[in-house]
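Asker: Provided below: coords-v4.cif, containing mmCIF, C-alpha atoms.
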```
data_model
loop_
_atom_site.label_atom_id
_atom_site.label_comp_id
_atom_site.auth_asym_id
_atom_site.auth_seq_id
_atom_site.Cartn_x
_atom_site.Cartn_y
_atom_site.Cartn_z
CA MET W 1 96.54 108.87 119.71
CA VAL W 2 98.83 106.59 121.74
CA LEU W 3 100.38 104.18 119.26
CA PRO W 4 100.77 100.49 120.16
CA GLN W 5 104.10 99.06 121.20
CA LEU W 6 105.11 95.53 120.26
CA ASP W 7 104.59 94.43 123.87
CA SER W 8 101.00 95.73 123.82
CA PHE W 9 99.74 92.21 123.17
CA LYS W 10 101.56 90.45 126.00
CA LEU W 11 98.18 89.98 127.63
CA ILE W 12 95.83 87.11 128.41
CA PRO W 13 94.05 85.90 125.23
CA SER W 14 90.72 87.64 125.91
CA GLN W 15 92.38 91.02 126.54
CA LYS W 16 94.62 90.55 123.51
CA THR W 17 91.63 89.91 121.23
CA VAL W 18 89.71 92.97 122.41
CA GLN W 19 92.71 95.28 122.08
CA ALA W 20 93.60 93.90 118.63
CA GLN W 21 90.04 94.53 117.44
CA GLY W 22 90.32 98.16 118.53
CA TRP W 23 93.55 98.72 116.59
CA ARG W 24 92.09 96.87 113.59
CA ASP W 25 89.00 99.08 113.62
CA THR W 26 91.26 102.16 113.63
CA LEU W 27 92.82 100.95 110.36
CA VAL W 28 89.37 100.48 108.82
CA SER W 29 88.29 103.94 109.98
CA ILE W 30 91.36 105.54 108.36
CA GLY W 31 90.63 103.61 105.17
CA ASN W 32 87.04 104.83 105.03
CA GLU W 33 88.13 108.42 105.69
CA LEU W 34 90.68 108.30 102.86
CA HIS W 35 88.09 106.84 100.49
CA ARG W 36 85.55 109.54 101.25
CA SER W 37 88.10 112.29 100.71
CA SER W 38 89.86 110.56 97.76
CA SER W 39 93.15 111.48 99.41
CA LEU W 40 96.42 109.79 100.35
CA PRO W 41 97.40 109.20 103.99
CA THR W 42 99.24 111.98 105.79
CA LYS W 43 102.60 111.43 107.48
CA ALA W 44 100.84 111.08 110.84
CA GLN W 45 98.35 108.57 109.42
CA LYS W 46 101.20 106.54 107.91
CA GLU W 47 102.90 106.39 111.32
CA THR W 48 99.66 105.21 112.90
CA ILE W 49 99.03 102.58 110.21
CA ARG W 50 102.55 101.18 110.40
CA SER W 51 102.58 101.01 114.20
CA ILE W 52 99.24 99.22 114.31
CA ALA W 53 100.22 96.79 111.54
CA LEU W 54 103.45 95.84 113.30
CA ALA W 55 101.54 95.19 116.51
CA LEU W 56 98.80 93.15 114.80
CA GLU W 57 101.45 90.92 113.22
CA THR W 58 102.36 89.75 116.74
CA VAL W 59 98.82 88.57 117.58
CA GLN W 60 98.60 84.83 118.16
CA PRO W 61 96.50 82.99 117.27
CA THR W 62 95.79 84.96 114.10
CA PRO W 63 92.12 85.76 113.31
CA THR W 64 92.30 83.56 110.19
CA LYS W 65 94.18 80.28 110.14
CA ALA W 66 96.14 79.53 106.95
CA PRO W 67 95.56 83.04 105.52
CA ALA W 68 97.20 82.23 102.17
CA LEU W 69 94.48 79.62 101.60
CA SER W 70 91.55 81.73 102.79
CA PRO W 71 88.65 82.44 100.37
CA PHE W 72 88.41 85.87 102.01
CA ASN W 73 91.37 87.04 99.93
CA GLN W 74 88.99 87.19 96.98
CA GLY W 75 87.91 90.61 95.70
CA ARG W 76 89.03 94.24 95.78
CA TRP W 77 91.29 95.67 98.48
CA ALA W 78 92.47 99.24 99.03
CA LEU W 79 96.12 99.81 99.94
CA LEU W 80 96.49 101.85 103.12
CA TYR W 81 100.25 101.75 103.52
CA THR W 82 103.44 100.28 102.10
CA ASP W 83 107.10 101.07 102.53
CA ALA W 84 107.79 99.71 99.03
CA PRO W 85 108.95 102.26 96.44
CA GLY W 86 107.52 103.19 93.06
CA ILE W 87 104.07 102.36 91.66
CA SER W 88 103.34 100.01 94.57
CA SER W 89 103.31 103.02 96.90
CA GLY W 90 100.97 105.04 94.67
CA ARG W 91 103.67 107.17 93.06
CA ILE W 92 104.46 107.37 89.36
CA GLY W 93 106.39 109.60 86.98
CA PRO W 94 109.72 111.42 87.42
CA PHE W 95 110.78 111.35 91.08
CA GLY W 96 107.35 109.94 91.98
CA LEU W 97 105.74 113.37 91.68
CA ILE W 98 102.37 112.00 90.51
CA LYS W 99 100.45 110.43 93.38
CA GLY W 100 97.42 108.15 93.28
CA ARG W 101 95.53 105.46 95.14
CA VAL W 102 96.36 101.75 94.85
CA PHE W 103 93.97 98.81 94.84
CA GLN W 104 94.46 95.06 94.55
CA GLU W 105 91.86 92.83 92.89
CA VAL W 106 92.36 89.14 93.73
CA ASP W 107 90.78 86.35 91.66
CA LEU W 108 91.19 83.02 93.44
CA THR W 109 89.56 81.13 90.56
CA THR W 110 92.36 82.03 88.13
CA ARG W 111 95.03 82.32 90.85
CA GLY W 112 95.79 85.86 89.78
CA TYR W 113 95.59 89.47 90.89
CA VAL W 114 95.81 92.97 89.46
CA ASN W 115 97.44 95.90 91.27
CA ILE W 116 95.77 99.11 90.13
CA LEU W 117 97.11 102.65 90.51
CA GLU W 118 94.45 105.33 89.96
CA VAL W 119 95.18 109.04 89.69
CA SER W 120 92.09 111.24 89.70
CA LYS W 121 90.50 114.40 91.00
CA PRO W 122 87.88 114.05 93.78
CA GLY W 123 84.58 112.76 92.39
CA GLN W 124 85.98 112.14 88.91
CA ALA W 125 87.06 109.07 86.96
CA PRO W 126 90.82 108.37 86.92
CA TRP W 127 92.70 110.25 84.22
CA LEU W 128 95.76 108.05 84.68
CA GLU W 129 95.91 104.34 85.52
CA ALA W 130 98.59 101.67 85.74
CA LYS W 131 97.66 98.00 86.05
CA LEU W 132 100.12 95.30 87.07
CA THR W 133 98.85 91.77 86.35
CA ALA W 134 100.31 88.78 88.17
CA GLU W 135 99.59 85.12 88.86
CA PHE W 136 100.38 83.17 92.00
CA GLN W 137 100.84 79.69 93.38
CA VAL W 138 100.06 78.85 96.99
CA VAL W 139 103.25 77.61 98.64
CA ASP W 140 101.97 76.94 102.16
CA ASP W 141 99.56 78.32 104.79
CA THR W 142 101.05 81.82 104.63
CA ASP W 143 102.96 82.24 101.35
CA TRP W 144 102.17 82.89 97.69
CA GLU W 145 104.82 82.62 94.99
CA VAL W 146 103.95 85.44 92.59
CA THR W 147 104.97 85.83 88.94
CA PHE W 148 104.48 89.19 87.23
CA LYS W 149 102.91 89.03 83.76
CA ASP W 150 102.68 92.61 82.48
CA VAL W 151 101.98 96.23 83.37
CA VAL W 152 99.75 98.51 81.30
CA GLY W 153 99.55 102.30 81.42
CA MET W 154 96.25 104.04 80.59
CA LEU W 155 95.79 107.74 79.87
CA ARG W 156 92.17 108.91 79.94
CA GLY W 157 90.99 105.38 79.25
CA LYS W 158 93.38 104.63 76.38
CA GLN W 159 96.38 102.31 76.60
CA VAL W 160 99.61 104.23 76.03
CA VAL W 161 102.25 101.74 77.19
CA LYS W 162 102.61 98.04 77.98
CA GLN W 163 105.54 96.09 79.39
CA VAL W 164 105.64 92.29 79.46
CA PHE W 165 107.69 90.62 82.19
CA SER W 166 109.72 87.41 82.00
CA GLY W 167 110.92 85.59 85.08
CA VAL W 168 110.06 88.37 87.54
CA SER W 169 108.77 86.88 90.78
CA ARG W 170 108.03 87.75 94.39
CA VAL W 171 107.11 85.96 97.62
CA TRP W 172 104.00 87.31 99.37
CA THR W 173 103.70 86.31 103.03
CA HIS W 174 100.32 86.84 104.69
CA THR W 175 100.97 87.88 108.28
CA TYR W 176 97.46 88.99 109.32
CA LEU W 177 93.98 88.48 107.84
CA ASP W 178 90.83 89.51 109.68
CA ARG W 179 87.62 88.60 107.87
CA GLU W 180 85.31 90.38 110.29
CA GLY W 181 87.21 93.65 110.20
CA GLY W 182 88.35 93.54 106.60
CA VAL W 183 92.09 93.99 107.21
CA ARG W 184 94.91 92.21 105.36
CA ILE W 185 98.62 92.59 106.14
CA MET W 186 101.34 91.08 103.95
CA ARG W 187 105.09 91.14 103.40
CA ALA W 188 106.54 91.06 99.86
CA ARG W 189 110.12 90.28 98.86
CA ARG W 190 112.27 88.99 96.05
CA PRO W 191 112.84 85.21 96.40
CA GLU W 192 116.56 85.74 97.02
CA LYS W 193 115.95 88.27 99.79
CA ARG W 194 115.62 87.46 103.49
CA PRO W 195 112.15 87.60 105.12
CA GLU W 196 113.30 90.50 107.31
CA ASP W 197 114.02 92.51 104.14
CA ALA W 198 110.42 92.23 102.90
CA PHE W 199 108.26 95.31 102.29
CA LEU W 200 105.14 95.85 104.40
CA PHE W 201 101.70 96.12 102.78
CA VAL W 202 98.52 97.03 104.70
CA LEU W 203 95.18 96.70 102.88
CA VAL W 204 91.56 97.17 103.91
CA ARG W 205 88.25 96.18 102.39
CA ARG W 206 85.21 98.45 102.63
CA LYS W 207 81.83 96.90 103.27
CA GLU W 208 79.74 96.43 100.13
CA ARG W 209 77.11 98.94 101.24
CA GLU W 210 79.72 101.64 101.79
CA ARG W 211 81.34 100.83 98.45
CA GLU W 212 78.04 101.10 96.58
CA GLU W 213 77.18 104.40 98.24
CA GLY W 214 80.64 105.81 97.42
CA GLU W 215 80.45 104.76 93.77
CA GLY W 216 76.97 106.23 93.45
CA ARG W 217 78.09 109.76 94.37
#
```
Translate the structure described by the file into structure tokens.

Answerer:
Amino acid sequence: MVLPQLDSFKLIPSQKTVQAQGWRDTLVSIGNELHRSSSLPTKAQKETIRSIALALETVQPTPTKAPALSPFNQGRWALLYTDAPGISSGRIGPFGLIKGRVFQEVDLTTRGYVNILEVSKPGQAPWLEAKLTAEFQVVDDTDWEVTFKDVVGMLRGKQVVKQVFSGVSRVWTHTYLDREGGVRIMRARRPEKRPEDAFLFVLVRRKEREREEGEGR
């Protein structure tokens, strides 16, 4: 696959839209493949995801205006890629040796979300889970101010550890949101950090029919 360069979208608007849709659909395809196999992205897939995400962030106008305010943020998203360390990247335990899949469940009614790390064998329920609960306030068209509440560790369905946070916050900047394709790209940073120091997060949403079929297996 030829990966996009940042100048790939220096085209007339109609060409830009068509090309962006193709890259977006590649992200969705990778997400569906990883779900079916219950696996984590390979090094090559990570390179593809990151390159496409960086290119999509340059698309103007964005598919969704005021993405931080969009009702499409509601629901469950699967993390495809992040360059953030620790649990956010799907790694837990000493030296990050235990690997799992990460999901984000957003509830716009309560202005909160839960980041969920699931470690499981293919076709089986997770034997290890970690859930980070947070609440957010909408700052402007693109930003959420996030406050962490607690993180809970579950071993075979039973809580084994819980940590409550105080005064831990982040800024989430929505850089790309495509309702039709189900792709969401964000940048997360500590409030005192510069925007260019933010970590990249790429998430996808599977269609409800595909989700139901996958859960019924």

Asker: Evaluate the PyMOL selection byres ((chain W and resi 86) around 12) and record the selected residues as a PDB file with C-alpha atoms, in the coordinates of the input, following the chain and residue labels used in the document.

Answerer:
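To be explicit, this is the file written out as result_20.pdb:
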```
ATOM      1  CA  THR W  82     103.440 100.280 102.100  1.00  0.00           C
ATOM      2  CA  ASP W  83     107.100 101.070 102.530  1.00  0.00           C
ATOM      3  CA  ALA W  84     107.790  99.710  99.030  1.00  0.00           C
ATOM      4  CA  PRO W  85     108.950 102.260  96.440  1.00  0.00           C
ATOM      5  CA  ILE W  87     104.070 102.360  91.660  1.00  0.00           C
ATOM      6  CA  SER W  88     103.340 100.010  94.570  1.00  0.00           C
ATOM      7  CA  SER W  89     103.310 103.020  96.900  1.00  0.00           C
ATOM      8  CA  GLY W  90     100.970 105.040  94.670  1.00  0.00           C
ATOM      9  CA  ARG W  91     103.670 107.170  93.060  1.00  0.00           C
ATOM     10  CA  ILE W  92     104.460 107.370  89.360  1.00  0.00           C
ATOM     11  CA  GLY W  93     106.390 109.600  86.980  1.00  0.00           C
ATOM     12  CA  PRO W  94     109.720 111.420  87.420  1.00  0.00           C
ATOM     13  CA  PHE W  95     110.780 111.350  91.080  1.00  0.00           C
ATOM     14  CA  GLY W  96     107.350 109.940  91.980  1.00  0.00           C
ATOM     15  CA  LEU W  97     105.740 113.370  91.680  1.00  0.00           C
ATOM     16  CA  ILE W  98     102.370 112.000  90.510  1.00  0.00           C
ATOM     17  CA  LYS W  99     100.450 110.430  93.380  1.00  0.00           C
ATOM     18  CA  GLY W 100      97.420 108.150  93.280  1.00  0.00           C
ATOM     19  CA  VAL W 102      96.360 101.750  94.850  1.00  0.00           C
ATOM     20  CA  LEU W 117      97.110 102.650  90.510  1.00  0.00           C
ATOM     21  CA  ALA W 130      98.590 101.670  85.740  1.00  0.00           C
TER      22      ALA W 130
END
```

Asker: Report, in Å with one decimal, the straight-line distance from atom CA of W:Lys121 to atom CA of W:Leu80.

Answerer: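 According to the coordinates, atom CA of W:Lys121 and atom CA of W:Leu80 are separated by 18.4 Å.
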
Asker: Mind telling me what the PyMOL selection byres ((chain W and resi 27-32) around 8) catches here, as a PyMOL selection string?

Answerer: chain W and resi 23-26+33-36+45+49+52+78+80+181-183+204-206

Asker: Could you take the residues named above and write them with C-alpha atoms, as an mmCIF file, in the frame of the given file?

Answerer:
```cif
data_model
loop_
_atom_site.group_PDB
_atom_site.id
_atom_site.type_symbol
_atom_site.label_atom_id
_atom_site.label_comp_id
_atom_site.auth_asym_id
_atom_site.auth_seq_id
_atom_site.Cartn_x
_atom_site.Cartn_y
_atom_site.Cartn_z
ATOM 1 C CA TRP W 23 93.550 98.720 116.590
ATOM 2 C CA ARG W 24 92.090 96.870 113.590
ATOM 3 C CA ASP W 25 89.000 99.080 113.620
ATOM 4 C CA THR W 26 91.260 102.160 113.630
ATOM 5 C CA GLU W 33 88.130 108.420 105.690
ATOM 6 C CA LEU W 34 90.680 108.300 102.860
ATOM 7 C CA HIS W 35 88.090 106.840 100.490
ATOM 8 C CA ARG W 36 85.550 109.540 101.250
ATOM 9 C CA GLN W 45 98.350 108.570 109.420
ATOM 10 C CA ILE W 49 99.030 102.580 110.210
ATOM 11 C CA ILE W 52 99.240 99.220 114.310
ATOM 12 C CA ALA W 78 92.470 99.240 99.030
ATOM 13 C CA LEU W 80 96.490 101.850 103.120
ATOM 14 C CA GLY W 181 87.210 93.650 110.200
ATOM 15 C CA GLY W 182 88.350 93.540 106.600
ATOM 16 C CA VAL W 183 92.090 93.990 107.210
ATOM 17 C CA VAL W 204 91.560 97.170 103.910
ATOM 18 C CA ARG W 205 88.250 96.180 102.390
ATOM 19 C CA ARG W 206 85.210 98.450 102.630
#
```

Asker: Between atom CA of W:Leu56 and atom CA of W:Leu132, what is the distance in Å, rounded to a tenth?

Answerer: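 Atom CA of W:Leu132 lies at a distance of 27.8 Å from atom CA of W:Leu56.
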
Asker: What's around W:Val114 at 6 Å? Count all atoms listed in the file, leave out sequence neighbours fewer than 6 positions away in its own chain, and write the answer as a CSV table (one decimal) with C-alpha atoms, in the coordinates of the input.

Answerer:
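Result file is selection31.csv:
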```
chain,number,residue,atom,x,y,z
W,104,GLN,CA,94.5,95.1,94.6
W,105,GLU,CA,91.9,92.8,92.9
W,132,LEU,CA,100.1,95.3,87.1
W,133,THR,CA,98.8,91.8,86.4
```

Asker: From the options W:Thr42, W:Thr64, W:Gln163, W:Ser51, which residue's atoms come nearest to W:Glu180, counting all atoms listed in the file?

Answerer: W:Thr64

Asker: Please determine, counting all atoms listed in the file, which residue among W:Thr48, W:Met186, W:Glu135, W:Phe201 has the shortest atom-to-atom distance to W:Ser169.

Answerer: W:Glu135

Asker: So which residues get picked by the PyMOL selection byres ((chain W and resi 172) around 9) here, written as a ChimeraX atom specification?

Answerer: /W:68,142-146,170-171,173-174,186-189,198

Asker: At a cut-off of 8 Å, using all atoms listed in the file, what residues contact stretch 152-159 of chain W? Leave out same-chain residues fewer than 5 positions from it and give the result as a PyMOL selection string.

Answerer: chain W and resi 126-132

Asker: By how many Å are atom CA of W:Val139 and atom CA of W:Thr58 apart?

Answerer: 21.8 Å

Asker: Which is closer to W:Phe165 than all the others in W:Gly112, W:Arg179, W:Lys149, W:Asp140, using all atoms listed in the file?

Answerer: W:Lys149

Asker: Looking at all atoms listed in the file, which of W:Glu118, W:Ser37, W:Leu177, W:Tyr113 is the one that sits closest to W:Phe148?

Answerer: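 Counting all atoms listed in the file, the residue closest to W:Phe148 is W:Tyr113.
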
Asker: For N, CA, C and O atoms, please extract stretch 116-133 of chain W from the block and return it as an mmCIF file, in the first residue's frame.

Answerer:
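Contents of out27.cif, as written:
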```
data_model
loop_
_atom_site.group_PDB
_atom_site.id
_atom_site.type_symbol
_atom_site.label_atom_id
_atom_site.label_comp_id
_atom_site.auth_asym_id
_atom_site.auth_seq_id
_atom_site.Cartn_x
_atom_site.Cartn_y
_atom_site.Cartn_z
ATOM 1 N N ILE W 116 -12.078 1.350 28.285
ATOM 2 C CA ILE W 116 -12.105 -0.045 28.716
ATOM 3 C C ILE W 116 -10.984 -0.826 28.046
ATOM 4 O O ILE W 116 -10.897 -0.854 26.812
ATOM 5 N N LEU W 117 -10.147 -1.454 28.845
ATOM 6 C CA LEU W 117 -9.122 -2.364 28.344
ATOM 7 C C LEU W 117 -9.607 -3.785 28.588
ATOM 8 O O LEU W 117 -9.946 -4.150 29.721
ATOM 9 N N GLU W 118 -9.664 -4.594 27.536
ATOM 10 C CA GLU W 118 -10.107 -5.984 27.647
ATOM 11 C C GLU W 118 -9.002 -6.921 27.174
ATOM 12 O O GLU W 118 -8.483 -6.760 26.071
ATOM 13 N N VAL W 119 -8.664 -7.886 28.012
ATOM 14 C CA VAL W 119 -7.684 -8.905 27.654
ATOM 15 C C VAL W 119 -8.407 -10.241 27.623
ATOM 16 O O VAL W 119 -9.011 -10.655 28.624
ATOM 17 N N SER W 120 -8.403 -10.901 26.485
ATOM 18 C CA SER W 120 -9.151 -12.154 26.354
ATOM 19 C C SER W 120 -8.540 -13.027 25.275
ATOM 20 O O SER W 120 -7.757 -12.566 24.448
ATOM 21 N N LYS W 121 -8.939 -14.292 25.291
ATOM 22 C CA LYS W 121 -8.593 -15.202 24.217
ATOM 23 C C LYS W 121 -9.675 -15.117 23.153
ATOM 24 O O LYS W 121 -10.825 -14.787 23.463
ATOM 25 N N PRO W 122 -9.350 -15.404 21.880
ATOM 26 C CA PRO W 122 -10.346 -15.310 20.810
ATOM 27 C C PRO W 122 -11.614 -16.089 21.132
ATOM 28 O O PRO W 122 -11.557 -17.249 21.541
ATOM 29 N N GLY W 123 -12.759 -15.405 20.991
ATOM 30 C CA GLY W 123 -14.048 -16.058 21.198
ATOM 31 C C GLY W 123 -14.456 -16.237 22.645
ATOM 32 O O GLY W 123 -15.490 -16.835 22.918
ATOM 33 N N GLN W 124 -13.661 -15.704 23.573
ATOM 34 C CA GLN W 124 -13.967 -15.852 24.992
ATOM 35 C C GLN W 124 -14.157 -14.494 25.653
ATOM 36 O O GLN W 124 -13.712 -13.469 25.151
ATOM 37 N N ALA W 125 -14.854 -14.514 26.804
ATOM 38 C CA ALA W 125 -15.046 -13.282 27.562
ATOM 39 C C ALA W 125 -13.708 -12.827 28.144
ATOM 40 O O ALA W 125 -12.819 -13.649 28.393
ATOM 41 N N PRO W 126 -13.539 -11.522 28.358
ATOM 42 C CA PRO W 126 -12.276 -11.022 28.916
ATOM 43 C C PRO W 126 -11.984 -11.626 30.286
ATOM 44 O O PRO W 126 -12.868 -11.700 31.135
ATOM 45 N N TRP W 127 -10.742 -12.033 30.499
ATOM 46 C CA TRP W 127 -10.355 -12.520 31.819
ATOM 47 C C TRP W 127 -9.749 -11.405 32.653
ATOM 48 O O TRP W 127 -9.658 -11.502 33.881
ATOM 49 N N LEU W 128 -9.363 -10.321 31.978
ATOM 50 C CA LEU W 128 -8.806 -9.164 32.665
ATOM 51 C C LEU W 128 -9.364 -7.894 32.039
ATOM 52 O O LEU W 128 -9.394 -7.760 30.813
ATOM 53 N N GLU W 129 -9.825 -6.959 32.880
ATOM 54 C CA GLU W 129 -10.372 -5.699 32.400
ATOM 55 C C GLU W 129 -9.872 -4.553 33.282
ATOM 56 O O GLU W 129 -9.653 -4.726 34.488
ATOM 57 N N ALA W 130 -9.722 -3.399 32.677
ATOM 58 C CA ALA W 130 -9.434 -2.171 33.413
ATOM 59 C C ALA W 130 -10.354 -1.096 32.843
ATOM 60 O O ALA W 130 -10.465 -0.940 31.620
ATOM 61 N N LYS W 131 -11.038 -0.375 33.730
ATOM 62 C CA LYS W 131 -11.995 0.633 33.293
ATOM 63 C C LYS W 131 -11.653 1.983 33.918
ATOM 64 O O LYS W 131 -11.649 2.121 35.147
ATOM 65 N N LEU W 132 -11.371 2.949 33.059
ATOM 66 C CA LEU W 132 -11.083 4.310 33.490
ATOM 67 C C LEU W 132 -12.331 5.166 33.234
ATOM 68 O O LEU W 132 -12.770 5.301 32.099
ATOM 69 N N THR W 133 -12.887 5.733 34.307
ATOM 70 C CA THR W 133 -14.081 6.568 34.205
ATOM 71 C C THR W 133 -13.689 8.037 34.272
ATOM 72 O O THR W 133 -12.862 8.429 35.101
#
```
